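Student: My structure file protein.pdb, PDB, C-alpha atoms, pLDDT in the B column, is below:
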```
MODEL        1
ATOM      1  CA  MET A  30      80.490  10.433  80.133  1.00 53.00           C
ATOM      2  CA  TYR A  31      78.770  12.661  77.544  1.00 56.00           C
ATOM      3  CA  LEU A  32      79.629  15.778  79.588  1.00 58.00           C
ATOM      4  CA  ARG A  33      83.271  14.762  79.772  1.00 61.00           C
ATOM      5  CA  GLN A  34      83.466  14.385  75.956  1.00 61.00           C
ATOM      6  CA  ASN A  35      81.849  17.760  75.383  1.00 61.00           C
ATOM      7  CA  LYS A  36      84.138  19.445  77.900  1.00 61.00           C
ATOM      8  CA  LYS A  37      87.174  18.238  75.945  1.00 61.00           C
ATOM      9  CA  ARG A  38      85.772  19.683  72.724  1.00 62.00           C
ATOM     10  CA  GLN A  39      84.478  23.006  74.011  1.00 62.00           C
ATOM     11  CA  ASN A  40      87.729  24.773  73.024  1.00 65.00           C
ATOM     12  CA  ASP A  41      87.916  23.188  69.565  1.00 65.00           C
ATOM     13  CA  VAL A  42      87.654  25.579  66.656  1.00 64.00           C
ATOM     14  CA  SER A  43      86.553  24.686  63.156  1.00 66.00           C
ATOM     15  CA  LEU A  44      88.385  26.055  60.128  1.00 64.00           C
ATOM     16  CA  GLN A  45      84.992  26.859  58.602  1.00 67.00           C
ATOM     17  CA  GLU A  46      83.988  28.928  61.642  1.00 72.00           C
ATOM     18  CA  GLY A  47      83.323  32.574  60.899  1.00 72.00           C
ATOM     19  CA  VAL A  48      85.801  35.049  62.370  1.00 69.00           C
ATOM     20  CA  GLY A  49      84.473  38.280  60.906  1.00 74.00           C
ATOM     21  CA  VAL A  50      83.239  39.982  57.779  1.00 73.00           C
ATOM     22  CA  ASP A  51      85.055  41.546  54.849  1.00 73.00           C
ATOM     23  CA  LYS A  52      84.434  44.943  53.214  1.00 75.00           C
ATOM     24  CA  GLU A  53      81.544  43.577  51.148  1.00 78.00           C
ATOM     25  CA  GLY A  54      79.840  42.078  54.204  1.00 78.00           C
ATOM     26  CA  ASN A  55      80.718  38.458  53.375  1.00 80.00           C
ATOM     27  CA  GLU A  56      81.640  36.186  56.245  1.00 80.00           C
ATOM     28  CA  VAL A  57      85.353  35.398  56.523  1.00 77.00           C
ATOM     29  CA  THR A  58      86.325  31.959  57.828  1.00 76.00           C
ATOM     30  CA  LEU A  59      89.376  30.992  59.833  1.00 65.00           C
ATOM     31  CA  GLU A  60      90.520  28.864  56.896  1.00 70.00           C
ATOM     32  CA  GLU A  61      90.581  31.932  54.627  1.00 70.00           C
ATOM     33  CA  LYS A  62      92.527  33.913  57.222  1.00 65.00           C
ATOM     34  CA  LEU A  63      95.123  31.165  57.558  1.00 65.00           C
ATOM     35  CA  ALA A  64      95.532  30.681  53.800  1.00 65.00           C
ATOM     36  CA  ASP A  65      98.985  31.676  52.623  1.00 54.00           C
ATOM     37  CA  GLU A  66      98.463  34.647  50.342  1.00 63.00           C
ATOM     38  CA  GLY A  67     101.993  35.917  50.911  1.00 68.00           C
ATOM     39  CA  LYS A  68     105.190  35.261  49.065  1.00 68.00           C
ATOM     40  CA  SER A  69     106.716  31.821  48.751  1.00 71.00           C
ATOM     41  CA  VAL A  70     109.856  30.847  50.645  1.00 76.00           C
ATOM     42  CA  GLU A  71     111.860  31.118  47.425  1.00 83.00           C
ATOM     43  CA  GLU A  72     110.649  34.668  46.803  1.00 81.00           C
ATOM     44  CA  ILE A  73     111.422  35.734  50.367  1.00 82.00           C
ATOM     45  CA  THR A  74     114.895  34.181  50.227  1.00 89.00           C
ATOM     46  CA  ASP A  75     115.603  35.773  46.853  1.00 89.00           C
ATOM     47  CA  LEU A  76     114.515  39.169  48.151  1.00 87.00           C
ATOM     48  CA  LYS A  77     116.750  38.864  51.231  1.00 89.00           C
ATOM     49  CA  LEU A  78     119.736  37.923  49.068  1.00 91.00           C
ATOM     50  CA  ARG A  79     119.108  40.867  46.739  1.00 90.00           C
ATOM     51  CA  VAL A  80     118.832  43.266  49.684  1.00 87.00           C
ATOM     52  CA  GLU A  81     122.112  41.974  51.131  1.00 90.00           C
ATOM     53  CA  LYS A  82     123.774  42.394  47.732  1.00 89.00           C
ATOM     54  CA  LEU A  83     122.457  45.957  47.499  1.00 88.00           C
ATOM     55  CA  TYR A  84     123.785  46.876  50.952  1.00 89.00           C
ATOM     56  CA  ARG A  85     127.202  45.390  50.155  1.00 91.00           C
ATOM     57  CA  ALA A  86     127.352  47.348  46.915  1.00 89.00           C
ATOM     58  CA  MET A  87     126.240  50.540  48.642  1.00 92.00           C
ATOM     59  CA  LYS A  88     128.945  50.196  51.293  1.00 92.00           C
ATOM     60  CA  GLU A  89     131.617  49.401  48.688  1.00 93.00           C
ATOM     61  CA  ARG A  90     130.744  52.060  46.114  1.00 94.00           C
ATOM     62  CA  LEU A  91     129.279  54.995  48.008  1.00 95.00           C
ATOM     63  CA  THR A  92     130.932  57.510  50.257  1.00 96.00           C
ATOM     64  CA  LYS A  93     129.692  57.732  53.823  1.00 95.00           C
ATOM     65  CA  ARG A  94     127.635  60.859  53.005  1.00 95.00           C
ATOM     66  CA  GLU A  95     126.116  59.293  49.863  1.00 95.00           C
ATOM     67  CA  PHE A  96     125.234  56.140  51.794  1.00 94.00           C
ATOM     68  CA  GLU A  97     123.579  58.147  54.567  1.00 94.00           C
ATOM     69  CA  ILE A  98     121.549  60.255  52.128  1.00 95.00           C
ATOM     70  CA  VAL A  99     120.300  57.232  50.154  1.00 94.00           C
ATOM     71  CA  LYS A 100     119.496  55.392  53.385  1.00 92.00           C
ATOM     72  CA  LEU A 101     117.476  58.312  54.754  1.00 94.00           C
ATOM     73  CA  ARG A 102     115.866  59.234  51.446  1.00 94.00           C
ATOM     74  CA  TYR A 103     114.465  55.765  50.766  1.00 91.00           C
ATOM     75  CA  GLY A 104     113.877  54.585  54.334  1.00 90.00           C
ATOM     76  CA  LEU A 105     116.467  51.803  54.248  1.00 86.00           C
ATOM     77  CA  ASP A 106     117.864  49.973  57.259  1.00 81.00           C
ATOM     78  CA  GLY A 107     114.781  50.613  59.362  1.00 81.00           C
ATOM     79  CA  GLU A 108     114.856  54.375  58.860  1.00 81.00           C
ATOM     80  CA  LYS A 109     111.744  56.295  57.862  1.00 89.00           C
ATOM     81  CA  GLU A 110     111.682  57.981  54.464  1.00 93.00           C
ATOM     82  CA  VAL A 111     112.802  61.582  54.651  1.00 93.00           C
ATOM     83  CA  THR A 112     112.491  64.407  52.137  1.00 95.00           C
ATOM     84  CA  GLN A 113     115.512  66.081  50.564  1.00 95.00           C
ATOM     85  CA  ARG A 114     114.623  69.239  52.453  1.00 96.00           C
ATOM     86  CA  GLU A 115     114.680  67.425  55.809  1.00 96.00           C
ATOM     87  CA  ILE A 116     117.996  65.755  54.982  1.00 95.00           C
ATOM     88  CA  ALA A 117     119.482  69.096  53.942  1.00 96.00           C
ATOM     89  CA  LYS A 118     118.370  70.701  57.188  1.00 96.00           C
ATOM     90  CA  SER A 119     119.794  67.905  59.352  1.00 94.00           C
ATOM     91  CA  MET A 120     123.134  67.878  57.465  1.00 95.00           C
ATOM     92  CA  GLY A 121     123.435  71.638  57.165  1.00 96.00           C
ATOM     93  CA  ILE A 122     123.613  71.673  53.371  1.00 96.00           C
ATOM     94  CA  SER A 123     121.286  72.898  50.631  1.00 96.00           C
ATOM     95  CA  ARG A 124     118.445  70.810  49.228  1.00 96.00           C
ATOM     96  CA  SER A 125     119.897  71.049  45.739  1.00 96.00           C
ATOM     97  CA  TYR A 126     123.207  69.666  47.025  1.00 96.00           C
ATOM     98  CA  VAL A 127     121.339  66.723  48.576  1.00 96.00           C
ATOM     99  CA  SER A 128     119.684  66.166  45.200  1.00 96.00           C
ATOM    100  CA  ARG A 129     123.046  66.176  43.407  1.00 97.00           C
ATOM    101  CA  ILE A 130     124.568  63.753  45.915  1.00 96.00           C
ATOM    102  CA  GLU A 131     121.538  61.461  45.657  1.00 95.00           C
ATOM    103  CA  THR A 132     121.640  61.472  41.844  1.00 95.00           C
ATOM    104  CA  LYS A 133     125.373  60.713  41.829  1.00 95.00           C
ATOM    105  CA  ALA A 134     124.924  57.876  44.353  1.00 94.00           C
ATOM    106  CA  LEU A 135     122.086  56.300  42.398  1.00 92.00           C
ATOM    107  CA  SER A 136     124.095  56.440  39.174  1.00 93.00           C
ATOM    108  CA  LYS A 137     126.897  54.525  40.943  1.00 91.00           C
ATOM    109  CA  LEU A 138     124.364  51.841  41.920  1.00 88.00           C
ATOM    110  CA  LYS A 139     122.611  51.620  38.563  1.00 86.00           C
ATOM    111  CA  ASP A 140     124.549  48.653  37.194  1.00 79.00           C
ATOM    112  CA  ILE A 141     124.026  46.373  40.209  1.00 73.00           C
TER     113      ILE A 141
ENDMDL
END
```
I'd like the structure from this file rewritten - as structure tokens, please.
Tutor:
Amino acid sequence: MYLRQNKKRQNDVSLQEGVGVDKEGNEVTLEEKLADEGKSVEEITDLKLRVEKLYRAMKERLTKREFEIVKLRYGLDGEKEVTQREIAKSMGISRSYVSRIETKALSKLKDI
């Protein structure tokens, strides 16, 4: 009977069980790992709504070229951030022209 009880509990894990060490060498428990240090649901929802609003405004106010440059420049929509020089090379225009387009696009979005 005792063996049967222990067998059931052999896979149990305690929240106070150590799962590693931090940079200072202190033991880190499972409870600390599971603690919610992230943003609240309200903050996440607010951020998503603001991002959607920004994308709508970008699509309404910017030309296709301006939208593409801003998207590439700031790594939006899953893109990786790209330098003005790289954008200029891929679009076949000068870096200074990319800078002017970017500045104009951002000024259109300033009042959002």
Student: Which distance in Å separates atom CA of Leu91 of chain A and atom CA of Ala134 of chain A, to one decimal?
Tutor: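 Going from atom CA of Leu91 of chain A over to atom CA of Ala134 of chain A covers 6.4 Å.
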Student: Could you write out as a list in words the residues that the PyMOL selection byres ((chain A and resi 101-104) around 12) matches in the shown file?
Tutor: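 With the shown file as input, the PyMOL selection byres ((chain A and resi 101-104) around 12) matches Arg94, Glu95, Phe96, Glu97, Ile98, Val99, Lys100, Leu105, Asp106, Gly107, Glu108, Lys109, Glu110, Val111, Thr112, Gln113, Arg114, Glu115, Ile116, Ala117, Ser119, Met120, Val127, Ser128, Ile130, Glu131, Thr132, Ala134 and Leu135 of chain A.
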Student: What separation in Å, quoted to one decimal, exists between atom CA of Arg90 of chain A and atom CA of Tyr126 of chain A?
Tutor: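 One can read the atom CA of Arg90 of chain A to atom CA of Tyr126 of chain A distance as 19.2 Å.
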Student: So, counting all atoms listed in the file, which residue among A:Ser136, A:Ile141, A:Gly121, A:Glu46 is closest to Arg79 of chain A?
Tutor: A:Ile141
Student: Any idea what the distance is between atom CA of Leu138 of chain A and atom CA of Glu71 of chain A?
Tutor: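 Pair atom CA of Leu138 of chain A / atom CA of Glu71 of chain A returns 24.8 Å.
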Student: Once you add 4 Å to each side, what are the centre and edge lengths of the axis-aligned box holding all listed atoms of segment 100-111 of chain A? One decimal in Å, as lines of an AutoDock Vina configuration file, if you can.
Tutor:
```
center_x = 115.6
center_y = 55.8
center_z = 55.1
size_x = 15.8
size_y = 19.6
size_z = 16.6
```
